[in-house]
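The file start_30.cif comes next; it holds mmCIF, C-alpha atoms, pLDDT in the B column; chains and numbers go by the auth columns.
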data_final
#
loop_
_atom_site.group_PDB
_atom_site.id
_atom_site.type_symbol
_atom_site.label_atom_id
_atom_site.label_comp_id
_atom_site.label_asym_id
_atom_site.label_seq_id
_atom_site.Cartn_x
_atom_site.Cartn_y
_atom_site.Cartn_z
_atom_site.B_iso_or_equiv
_atom_site.auth_seq_id
_atom_site.auth_asym_id
ATOM 1 C CA MET A 1 4.853 3.418 -11.284 43.00 1 A
ATOM 2 C CA GLY A 2 7.159 3.391 -14.226 45.00 2 A
ATOM 3 C CA ALA A 3 9.407 5.663 -16.191 43.00 3 A
ATOM 4 C CA LEU A 4 6.530 7.855 -17.338 42.00 4 A
ATOM 5 C CA LEU A 5 5.497 8.956 -13.850 44.00 5 A
ATOM 6 C CA GLN A 6 9.103 9.431 -12.771 45.00 6 A
ATOM 7 C CA SER A 7 10.270 11.475 -15.726 43.00 7 A
ATOM 8 C CA GLY A 8 8.784 14.851 -14.782 43.00 8 A
ATOM 9 C CA VAL A 9 7.421 16.791 -17.764 42.00 9 A
ATOM 10 C CA SER A 10 7.377 14.240 -20.539 49.00 10 A
ATOM 11 C CA ARG A 11 6.581 14.446 -24.218 48.00 11 A
ATOM 12 C CA TYR A 12 3.182 12.945 -23.376 48.00 12 A
ATOM 13 C CA VAL A 13 2.275 15.889 -21.151 50.00 13 A
ATOM 14 C CA LEU A 14 3.278 18.304 -23.879 53.00 14 A
ATOM 15 C CA ALA A 15 0.906 16.493 -26.210 53.00 15 A
ATOM 16 C CA GLY A 16 -2.037 17.247 -23.915 57.00 16 A
ATOM 17 C CA PRO A 17 -3.698 15.848 -20.763 65.00 17 A
ATOM 18 C CA LYS A 18 -5.796 13.221 -22.557 71.00 18 A
ATOM 19 C CA VAL A 19 -2.772 11.815 -24.351 69.00 19 A
ATOM 20 C CA ALA A 20 -0.756 11.867 -21.137 73.00 20 A
ATOM 21 C CA PHE A 21 -3.493 10.042 -19.219 75.00 21 A
ATOM 22 C CA THR A 22 -3.847 7.421 -21.956 80.00 22 A
ATOM 23 C CA ALA A 23 -0.072 6.926 -21.989 81.00 23 A
ATOM 24 C CA MET A 24 -0.080 6.397 -18.220 81.00 24 A
ATOM 25 C CA VAL A 25 -2.838 3.779 -18.530 86.00 25 A
ATOM 26 C CA ILE A 26 -0.957 1.946 -21.275 87.00 26 A
ATOM 27 C CA GLU A 27 2.289 1.961 -19.310 88.00 27 A
ATOM 28 C CA ALA A 28 0.581 0.775 -16.117 88.00 28 A
ATOM 29 C CA LEU A 29 -1.147 -2.052 -17.994 90.00 29 A
ATOM 30 C CA THR A 30 2.148 -3.018 -19.642 90.00 30 A
ATOM 31 C CA ASP A 31 3.899 -3.075 -16.256 90.00 31 A
ATOM 32 C CA LEU A 32 1.118 -5.196 -14.748 91.00 32 A
ATOM 33 C CA GLY A 33 1.149 -7.640 -17.663 91.00 33 A
ATOM 34 C CA ARG A 34 4.919 -8.040 -17.374 91.00 34 A
ATOM 35 C CA GLU A 35 4.699 -8.638 -13.618 92.00 35 A
ATOM 36 C CA VAL A 36 1.863 -11.151 -13.841 92.00 36 A
ATOM 37 C CA SER A 37 3.663 -13.041 -16.616 91.00 37 A
ATOM 38 C CA ALA A 38 6.804 -13.221 -14.456 91.00 38 A
ATOM 39 C CA TRP A 39 4.803 -14.473 -11.451 92.00 39 A
ATOM 40 C CA ARG A 40 3.129 -17.155 -13.564 91.00 40 A
ATOM 41 C CA LYS A 41 6.414 -18.248 -15.145 91.00 41 A
ATOM 42 C CA ALA A 42 8.027 -18.522 -11.704 90.00 42 A
ATOM 43 C CA GLY A 43 5.081 -20.536 -10.400 91.00 43 A
ATOM 44 C CA LYS A 44 4.186 -17.910 -7.794 92.00 44 A
ATOM 45 C CA ILE A 45 0.587 -17.604 -8.979 91.00 45 A
ATOM 46 C CA PRO A 46 -1.404 -20.191 -10.961 90.00 46 A
ATOM 47 C CA ASP A 47 -1.937 -19.786 -14.690 87.00 47 A
ATOM 48 C CA ASP A 48 -5.678 -19.611 -14.061 84.00 48 A
ATOM 49 C CA PHE A 49 -5.812 -17.523 -10.888 79.00 49 A
ATOM 50 C CA SER A 50 -9.511 -16.793 -11.513 76.00 50 A
ATOM 51 C CA GLY A 51 -10.147 -20.163 -9.881 75.00 51 A
ATOM 52 C CA ARG A 52 -9.082 -18.774 -6.485 74.00 52 A
ATOM 53 C CA PRO A 53 -11.851 -17.329 -4.259 74.00 53 A
ATOM 54 C CA PRO A 54 -10.843 -13.681 -4.872 85.00 54 A
ATOM 55 C CA GLY A 55 -8.897 -14.252 -8.081 84.00 55 A
ATOM 56 C CA TYR A 56 -11.235 -12.847 -10.716 86.00 56 A
ATOM 57 C CA GLN A 57 -12.481 -9.968 -8.571 89.00 57 A
ATOM 58 C CA THR A 58 -9.004 -8.734 -7.603 91.00 58 A
ATOM 59 C CA TRP A 59 -7.957 -8.881 -11.254 91.00 59 A
ATOM 60 C CA ALA A 60 -11.053 -7.000 -12.445 90.00 60 A
ATOM 61 C CA ASP A 61 -10.707 -4.348 -9.730 91.00 61 A
ATOM 62 C CA LEU A 62 -7.014 -3.889 -10.491 92.00 62 A
ATOM 63 C CA LEU A 63 -7.717 -3.311 -14.177 92.00 63 A
ATOM 64 C CA LYS A 64 -10.530 -0.902 -13.279 91.00 64 A
ATOM 65 C CA GLU A 65 -8.171 1.079 -11.006 88.00 65 A
ATOM 66 C CA ILE A 66 -5.569 1.384 -13.754 90.00 66 A
ATOM 67 C CA ASP A 67 -8.197 2.465 -16.270 88.00 67 A
ATOM 68 C CA SER A 68 -9.645 5.150 -13.989 85.00 68 A
ATOM 69 C CA ASN A 69 -6.706 6.318 -11.857 80.00 69 A
ATOM 70 C CA PRO A 70 -3.206 5.320 -12.980 75.00 70 A
ATOM 71 C CA VAL A 71 -1.673 8.411 -11.344 76.00 71 A
ATOM 72 C CA ASP A 72 -1.704 7.295 -7.682 87.00 72 A
ATOM 73 C CA ALA A 73 1.312 4.998 -7.873 88.00 73 A
ATOM 74 C CA GLU A 74 1.313 4.192 -4.139 93.00 74 A
ATOM 75 C CA ARG A 75 -2.272 2.942 -4.173 93.00 75 A
ATOM 76 C CA LEU A 76 -1.666 0.945 -7.337 93.00 76 A
ATOM 77 C CA LYS A 77 1.418 -0.638 -5.743 95.00 77 A
ATOM 78 C CA ALA A 78 -0.601 -1.554 -2.641 96.00 78 A
ATOM 79 C CA MET A 79 -3.342 -3.102 -4.746 95.00 79 A
ATOM 80 C CA LYS A 80 -0.824 -5.139 -6.775 95.00 80 A
ATOM 81 C CA ALA A 81 0.776 -6.302 -3.537 96.00 81 A
ATOM 82 C CA MET A 82 -2.574 -7.544 -2.212 96.00 82 A
ATOM 83 C CA PHE A 83 -3.380 -9.126 -5.580 95.00 83 A
ATOM 84 C CA LEU A 84 -0.132 -11.101 -5.488 94.00 84 A
ATOM 85 C CA ALA A 85 -0.650 -12.178 -1.863 94.00 85 A
ATOM 86 C CA ALA A 86 -4.259 -13.202 -2.469 93.00 86 A
ATOM 87 C CA ASN A 87 -3.410 -15.334 -5.503 92.00 87 A
ATOM 88 C CA LYS A 88 -0.159 -17.007 -4.443 92.00 88 A
ATOM 89 C CA VAL A 89 -0.076 -20.724 -5.119 91.00 89 A
ATOM 90 C CA GLU A 90 0.724 -21.600 -1.500 91.00 90 A
ATOM 91 C CA ALA A 91 -1.981 -19.357 -0.001 89.00 91 A
ATOM 92 C CA THR A 92 -4.908 -21.170 1.612 89.00 92 A
ATOM 93 C CA ASP A 93 -8.469 -20.161 0.790 87.00 93 A
ATOM 94 C CA ALA A 94 -8.722 -18.496 4.214 89.00 94 A
ATOM 95 C CA GLN A 95 -5.538 -16.509 3.587 90.00 95 A
ATOM 96 C CA SER A 96 -6.764 -15.476 0.139 90.00 96 A
ATOM 97 C CA ILE A 97 -10.076 -14.272 1.534 90.00 97 A
ATOM 98 C CA LEU A 98 -8.311 -12.299 4.291 91.00 98 A
ATOM 99 C CA THR A 99 -6.014 -10.689 1.739 93.00 99 A
ATOM 100 C CA TYR A 100 -9.026 -9.843 -0.424 93.00 100 A
ATOM 101 C CA HIS A 101 -10.259 -7.805 2.544 95.00 101 A
ATOM 102 C CA LEU A 102 -6.891 -6.010 2.578 96.00 102 A
ATOM 103 C CA PHE A 103 -7.209 -5.490 -1.182 96.00 103 A
ATOM 104 C CA GLN A 104 -10.527 -3.724 -0.622 95.00 104 A
ATOM 105 C CA ILE A 105 -8.882 -1.457 1.951 97.00 105 A
ATOM 106 C CA ALA A 106 -6.007 -0.682 -0.445 96.00 106 A
ATOM 107 C CA LYS A 107 -8.557 0.510 -3.026 94.00 107 A
ATOM 108 C CA LYS A 108 -9.748 3.212 -0.620 95.00 108 A
ATOM 109 C CA LEU A 109 -6.424 4.608 0.573 96.00 109 A
ATOM 110 C CA MET A 110 -4.642 7.640 -0.849 94.00 110 A
ATOM 111 C CA SER A 111 -0.901 7.936 -1.352 93.00 111 A
ATOM 112 C CA GLY A 112 -0.434 10.142 1.724 94.00 112 A
ATOM 113 C CA GLU A 113 -2.135 7.595 3.951 97.00 113 A
ATOM 114 C CA LEU A 114 -0.074 4.766 2.509 97.00 114 A
ATOM 115 C CA LEU A 115 3.174 6.685 3.007 95.00 115 A
ATOM 116 C CA LEU A 116 2.218 7.339 6.641 96.00 116 A
ATOM 117 C CA LEU A 117 1.480 3.638 7.107 97.00 117 A
ATOM 118 C CA LYS A 118 4.905 2.823 5.650 96.00 118 A
ATOM 119 C CA ALA A 119 6.540 5.138 8.199 95.00 119 A
ATOM 120 C CA VAL A 120 4.596 3.498 11.042 94.00 120 A
ATOM 121 C CA TYR A 121 5.750 0.088 9.816 95.00 121 A
ATOM 122 C CA GLN A 122 9.377 1.240 9.816 93.00 122 A
ATOM 123 C CA ILE A 123 9.023 2.223 13.481 90.00 123 A
ATOM 124 C CA HIS A 124 7.265 -1.060 14.250 91.00 124 A
ATOM 125 C CA LYS A 125 10.159 -3.067 12.777 90.00 125 A
ATOM 126 C CA VAL A 126 12.666 -1.285 15.012 85.00 126 A
ATOM 127 C CA GLY A 127 10.881 -2.598 18.102 77.00 127 A
ATOM 128 C CA SER A 128 9.291 -0.794 21.010 68.00 128 A
ATOM 129 C CA TRP A 129 8.061 2.790 20.806 73.00 129 A
ATOM 130 C CA PRO A 130 11.157 4.998 21.227 65.00 130 A
ATOM 131 C CA HIS A 131 9.591 7.349 23.789 64.00 131 A
ATOM 132 C CA ASN A 132 9.052 6.999 27.516 62.00 132 A
ATOM 133 C CA ASN A 133 5.576 8.514 27.458 65.00 133 A
ATOM 134 C CA ALA A 134 2.470 7.693 25.479 81.00 134 A
ATOM 135 C CA LEU A 135 1.425 11.130 24.260 85.00 135 A
ATOM 136 C CA ALA A 136 -0.198 11.132 20.828 88.00 136 A
ATOM 137 C CA THR A 137 1.514 14.472 20.116 90.00 137 A
ATOM 138 C CA ASP A 138 4.916 12.753 20.375 88.00 138 A
ATOM 139 C CA TRP A 139 3.745 9.973 18.078 90.00 139 A
ATOM 140 C CA ARG A 140 2.584 12.489 15.463 92.00 140 A
ATOM 141 C CA ALA A 141 5.787 14.526 15.733 92.00 141 A
ATOM 142 C CA THR A 142 7.897 11.407 15.222 90.00 142 A
ATOM 143 C CA LEU A 143 5.817 10.284 12.239 93.00 143 A
ATOM 144 C CA ALA A 144 5.902 13.767 10.713 95.00 144 A
ATOM 145 C CA GLU A 145 9.695 13.679 10.867 93.00 145 A
ATOM 146 C CA LYS A 146 9.839 10.092 9.619 90.00 146 A
ATOM 147 C CA SER A 147 7.547 10.965 6.698 90.00 147 A
ATOM 148 C CA GLY A 148 9.814 13.823 5.676 90.00 148 A
ATOM 149 C CA HIS A 149 7.288 16.669 5.640 92.00 149 A
ATOM 150 C CA GLY A 150 7.418 17.657 9.332 91.00 150 A
ATOM 151 C CA LEU A 151 3.691 18.488 9.484 95.00 151 A
ATOM 152 C CA THR A 152 1.892 16.950 12.473 94.00 152 A
ATOM 153 C CA ALA A 153 -1.439 18.272 11.178 95.00 153 A
ATOM 154 C CA LEU A 154 -0.944 16.247 7.988 96.00 154 A
ATOM 155 C CA VAL A 155 -0.169 13.137 10.030 95.00 155 A
ATOM 156 C CA GLN A 156 -3.340 13.696 12.051 95.00 156 A
ATOM 157 C CA HIS A 157 -5.324 14.081 8.829 96.00 157 A
ATOM 158 C CA HIS A 158 -3.965 10.881 7.276 96.00 158 A
ATOM 159 C CA GLU A 159 -4.176 8.772 10.425 95.00 159 A
ATOM 160 C CA ARG A 160 -7.987 9.033 10.434 95.00 160 A
ATOM 161 C CA ALA A 161 -8.421 6.698 7.474 96.00 161 A
ATOM 162 C CA LEU A 162 -5.792 4.276 8.788 97.00 162 A
ATOM 163 C CA THR A 163 -7.656 4.129 12.098 95.00 163 A
ATOM 164 C CA GLU A 164 -11.039 3.786 10.390 96.00 164 A
ATOM 165 C CA TYR A 165 -9.866 0.757 8.391 97.00 165 A
ATOM 166 C CA GLY A 166 -8.204 -0.859 11.413 95.00 166 A
ATOM 167 C CA LEU A 167 -4.628 -0.587 10.158 96.00 167 A
ATOM 168 C CA ILE A 168 -3.505 1.410 13.203 94.00 168 A
ATOM 169 C CA THR A 169 -5.000 1.406 16.700 91.00 169 A
ATOM 170 C CA PRO A 170 -7.125 4.355 17.844 91.00 170 A
ATOM 171 C CA ILE A 171 -6.040 7.141 20.171 88.00 171 A
ATOM 172 C CA VAL A 172 -7.206 6.800 23.782 83.00 172 A
ATOM 173 C CA MET A 173 -8.521 9.868 25.611 77.00 173 A
ATOM 174 C CA SER A 174 -7.584 10.504 29.250 77.00 174 A
ATOM 175 C CA GLY A 175 -9.453 13.632 30.179 74.00 175 A
ATOM 176 C CA SER A 176 -8.336 16.169 27.590 74.00 176 A
ATOM 177 C CA VAL A 177 -5.081 14.345 26.790 77.00 177 A
ATOM 178 C CA GLU A 178 -4.682 12.046 23.778 82.00 178 A
ATOM 179 C CA LEU A 179 -2.680 8.910 24.566 78.00 179 A
ATOM 180 C CA ILE A 180 -1.388 5.811 22.817 81.00 180 A
ATOM 181 C CA ARG A 181 -0.445 2.553 24.467 74.00 181 A
ATOM 182 C CA LYS A 182 3.144 2.584 25.725 64.00 182 A
ATOM 183 C CA ASN A 183 5.751 0.693 23.704 63.00 183 A
ATOM 184 C CA ASN A 184 3.359 0.542 20.752 75.00 184 A
ATOM 185 C CA SER A 185 3.844 2.049 17.293 87.00 185 A
ATOM 186 C CA ARG A 186 0.018 1.863 16.885 91.00 186 A
ATOM 187 C CA LEU A 187 0.322 -0.647 14.029 91.00 187 A
ATOM 188 C CA SER A 188 -2.444 -3.260 14.321 93.00 188 A
ATOM 189 C CA GLY A 189 -2.271 -6.926 13.349 92.00 189 A
ATOM 190 C CA LEU A 190 -4.223 -6.086 10.203 95.00 190 A
ATOM 191 C CA GLY A 191 -1.779 -3.274 9.465 95.00 191 A
ATOM 192 C CA ILE A 192 1.187 -5.601 9.920 95.00 192 A
ATOM 193 C CA SER A 193 -0.256 -8.054 7.374 96.00 193 A
ATOM 194 C CA PHE A 194 -0.947 -5.195 4.970 97.00 194 A
ATOM 195 C CA CYS A 195 2.606 -3.831 5.234 97.00 195 A
ATOM 196 C CA GLU A 196 4.199 -7.278 5.021 97.00 196 A
ATOM 197 C CA ASN A 197 2.358 -7.903 1.753 97.00 197 A
ATOM 198 C CA ILE A 198 3.696 -4.636 0.330 97.00 198 A
ATOM 199 C CA GLN A 199 7.211 -5.452 1.508 96.00 199 A
ATOM 200 C CA SER A 200 6.976 -8.910 -0.095 94.00 200 A
ATOM 201 C CA TYR A 201 5.765 -7.363 -3.351 95.00 201 A
ATOM 202 C CA GLU A 202 8.634 -4.845 -3.345 94.00 202 A
ATOM 203 C CA LEU A 203 11.139 -7.684 -2.887 90.00 203 A
ATOM 204 C CA GLU A 204 9.556 -9.613 -5.757 86.00 204 A
ATOM 205 C CA ALA A 205 9.685 -6.517 -7.977 84.00 205 A
ATOM 206 C CA ALA A 206 13.340 -5.889 -7.128 83.00 206 A
ATOM 207 C CA GLN A 207 14.255 -9.500 -7.923 79.00 207 A
ATOM 208 C CA ASP A 208 12.395 -9.367 -11.244 73.00 208 A
ATOM 209 C CA GLN A 209 14.195 -6.148 -12.238 73.00 209 A
ATOM 210 C CA ALA A 210 17.568 -7.679 -11.319 70.00 210 A
ATOM 211 C CA LYS A 211 17.081 -10.556 -13.753 67.00 211 A
#
For this file, write the structure as structure tokens.
Amino acid sequence: MGALLQSGVSRYVLAGPKVAFTAMVIEALTDLGREVSAWRKAGKIPDDFSGRPPGYQTWADLLKEIDSNPVDAERLKAMKAMFLAANKVEATDAQSILTYHLFQIAKKLMSGELLLLKAVYQIHKVGSWPHNNALATDWRATLAEKSGHGLTALVQHHERALTEYGLITPIVMSGSVELIRKNNSRLSGLGISFCENIQSYELEAAQDQAK
């Protein structure tokens, strides 16, 4: 999120959990306000984005998320990415409504699920699936390594939500064997749009910090 969440044991934590939580909320709101101001100044979102189909609702939900759960930085980043995509000046009403659907999905995902999705997207960008067979066990082993924890059981746990929300394609059963489609990272079209929005947001954030 910001310096507070990256600083380990801070003076806020030493002051007590309530103070620490309040400090996190304040910092997250400050970060959001700075980002939105930069997007408005650059003409990336309109001054009155509440006029867009999902404008007011995405803004209200984003503020509610910060107020109730500023700790999950990955989910907050995903929600801000969908907020930016939904309210961009050049986005059509149809694109804004589609991205609002992605915003609703982002609200329900945990950091572990989002980090798994990021790893799947990295494989997707490389090209075809790097294995000759379509065993789901190979897919999970590769993603466990890519995610850095090496736990296939954790990948299997996190993939359930990604499958449920349509961000990755489901496993296919052939008898007692779990398969995926060959040459496929399992990332769906919806998942590609979701990840592209996050990537676009990260680029915007990097450019803003460089100024």
Could you list, as a list of chain:residue names, every residue within 12 Å of Tyr165 (chain A), counting all atoms listed in the file and ignoring same-chain residues fewer than 4 positions away?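 Surrounding residues, per the criterion: A:His101, A:Leu102, A:Phe103, A:Gln104, A:Ile105, A:Ala106, A:Lys107, A:Lys108, A:Leu109, A:Glu113, A:Leu117, A:His158, A:Glu159, A:Arg160, A:Ala161, A:Thr169, A:Pro170, A:Leu187, A:Ser188, A:Gly189, A:Leu190, A:Gly191, A:Phe194.
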Closest of A:Ile97, A:Leu115, A:Leu143, A:Ala28 to Ile66 (chain A) - atom-to-atom distances counting all atoms listed in the file: A:Ala28
Could you tell me which residues the PyMOL selection byres ((chain A and resi 48) around 12) grabs in this file, written as a PDB file with C-alpha atoms, in the frame of the given file?
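In the end it all went to part_29.pdb:
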ATOM      1  CA  VAL A  36       1.863 -11.151 -13.841  1.00 92.00           C
ATOM      2  CA  SER A  37       3.663 -13.041 -16.616  1.00 91.00           C
ATOM      3  CA  TRP A  39       4.803 -14.473 -11.451  1.00 92.00           C
ATOM      4  CA  ARG A  40       3.129 -17.155 -13.564  1.00 91.00           C
ATOM      5  CA  GLY A  43       5.081 -20.536 -10.400  1.00 91.00           C
ATOM      6  CA  LYS A  44       4.186 -17.910  -7.794  1.00 92.00           C
ATOM      7  CA  ILE A  45       0.587 -17.604  -8.979  1.00 91.00           C
ATOM      8  CA  PRO A  46      -1.404 -20.191 -10.961  1.00 90.00           C
ATOM      9  CA  ASP A  47      -1.937 -19.786 -14.690  1.00 87.00           C
ATOM     10  CA  PHE A  49      -5.812 -17.523 -10.888  1.00 79.00           C
ATOM     11  CA  SER A  50      -9.511 -16.793 -11.513  1.00 76.00           C
ATOM     12  CA  GLY A  51     -10.147 -20.163  -9.881  1.00 75.00           C
ATOM     13  CA  ARG A  52      -9.082 -18.774  -6.485  1.00 74.00           C
ATOM     14  CA  PRO A  53     -11.851 -17.329  -4.259  1.00 74.00           C
ATOM     15  CA  GLY A  55      -8.897 -14.252  -8.081  1.00 84.00           C
ATOM     16  CA  TYR A  56     -11.235 -12.847 -10.716  1.00 86.00           C
ATOM     17  CA  TRP A  59      -7.957  -8.881 -11.254  1.00 91.00           C
ATOM     18  CA  ASN A  87      -3.410 -15.334  -5.503  1.00 92.00           C
ATOM     19  CA  LYS A  88      -0.159 -17.007  -4.443  1.00 92.00           C
ATOM     20  CA  VAL A  89      -0.076 -20.724  -5.119  1.00 91.00           C
TER      21      VAL A  89
END
Can you work out the spacing between CA of Thr163 (chain A) and CA of Ser68 (chain A) in Å, to one decimal?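 These two atoms are separated by 26.2 Å.
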Mind giving me the straight-line distance from CA of Ser185 (chain A) to CA of Leu167 (chain A) in Å, one decimal?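 Between CA of Ser185 (chain A) and CA of Leu167 (chain A) the gap works out to 11.4 Å.
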Take CA of Ala153 (chain A) and CA of Ala141 (chain A) and report the distance between them in Å, one decimal.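 Value for the CA of Ala153 (chain A)-CA of Ala141 (chain A) distance: 9.3 Å.
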List the residues matched by the PyMOL selection byres ((chain A and resi 204) around 12) in the displayed structure as a list of chain:residue names, ordered by chain and then by residue number.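 When the PyMOL selection byres ((chain A and resi 204) around 12) is applied, the selected residues are A:Glu35, A:Val36, A:Ala38, A:Trp39, A:Ala42, A:Lys44, A:Lys80, A:Ala81, A:Leu84, A:Ala85, A:Asn197, A:Ile198, A:Gln199, A:Ser200, A:Tyr201, A:Glu202, A:Leu203, A:Ala205, A:Ala206, A:Gln207, A:Asp208, A:Gln209, A:Ala210, A:Lys211.
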Kindly save the residues from that selection, with C-alpha atoms included, as a short mmCIF file (atom, residue, chain, number, x, y, z; two decimals), keeping the file's coordinate frame.
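Okay, again.cif is ready:
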data_model
loop_
_atom_site.label_atom_id
_atom_site.label_comp_id
_atom_site.auth_asym_id
_atom_site.auth_seq_id
_atom_site.Cartn_x
_atom_site.Cartn_y
_atom_site.Cartn_z
CA GLU A 35 4.70 -8.64 -13.62
CA VAL A 36 1.86 -11.15 -13.84
CA ALA A 38 6.80 -13.22 -14.46
CA TRP A 39 4.80 -14.47 -11.45
CA ALA A 42 8.03 -18.52 -11.70
CA LYS A 44 4.19 -17.91 -7.79
CA LYS A 80 -0.82 -5.14 -6.78
CA ALA A 81 0.78 -6.30 -3.54
CA LEU A 84 -0.13 -11.10 -5.49
CA ALA A 85 -0.65 -12.18 -1.86
CA ASN A 197 2.36 -7.90 1.75
CA ILE A 198 3.70 -4.64 0.33
CA GLN A 199 7.21 -5.45 1.51
CA SER A 200 6.98 -8.91 -0.10
CA TYR A 201 5.76 -7.36 -3.35
CA GLU A 202 8.63 -4.84 -3.34
CA LEU A 203 11.14 -7.68 -2.89
CA ALA A 205 9.68 -6.52 -7.98
CA ALA A 206 13.34 -5.89 -7.13
CA GLN A 207 14.26 -9.50 -7.92
CA ASP A 208 12.40 -9.37 -11.24
CA GLN A 209 14.20 -6.15 -12.24
CA ALA A 210 17.57 -7.68 -11.32
CA LYS A 211 17.08 -10.56 -13.75
#
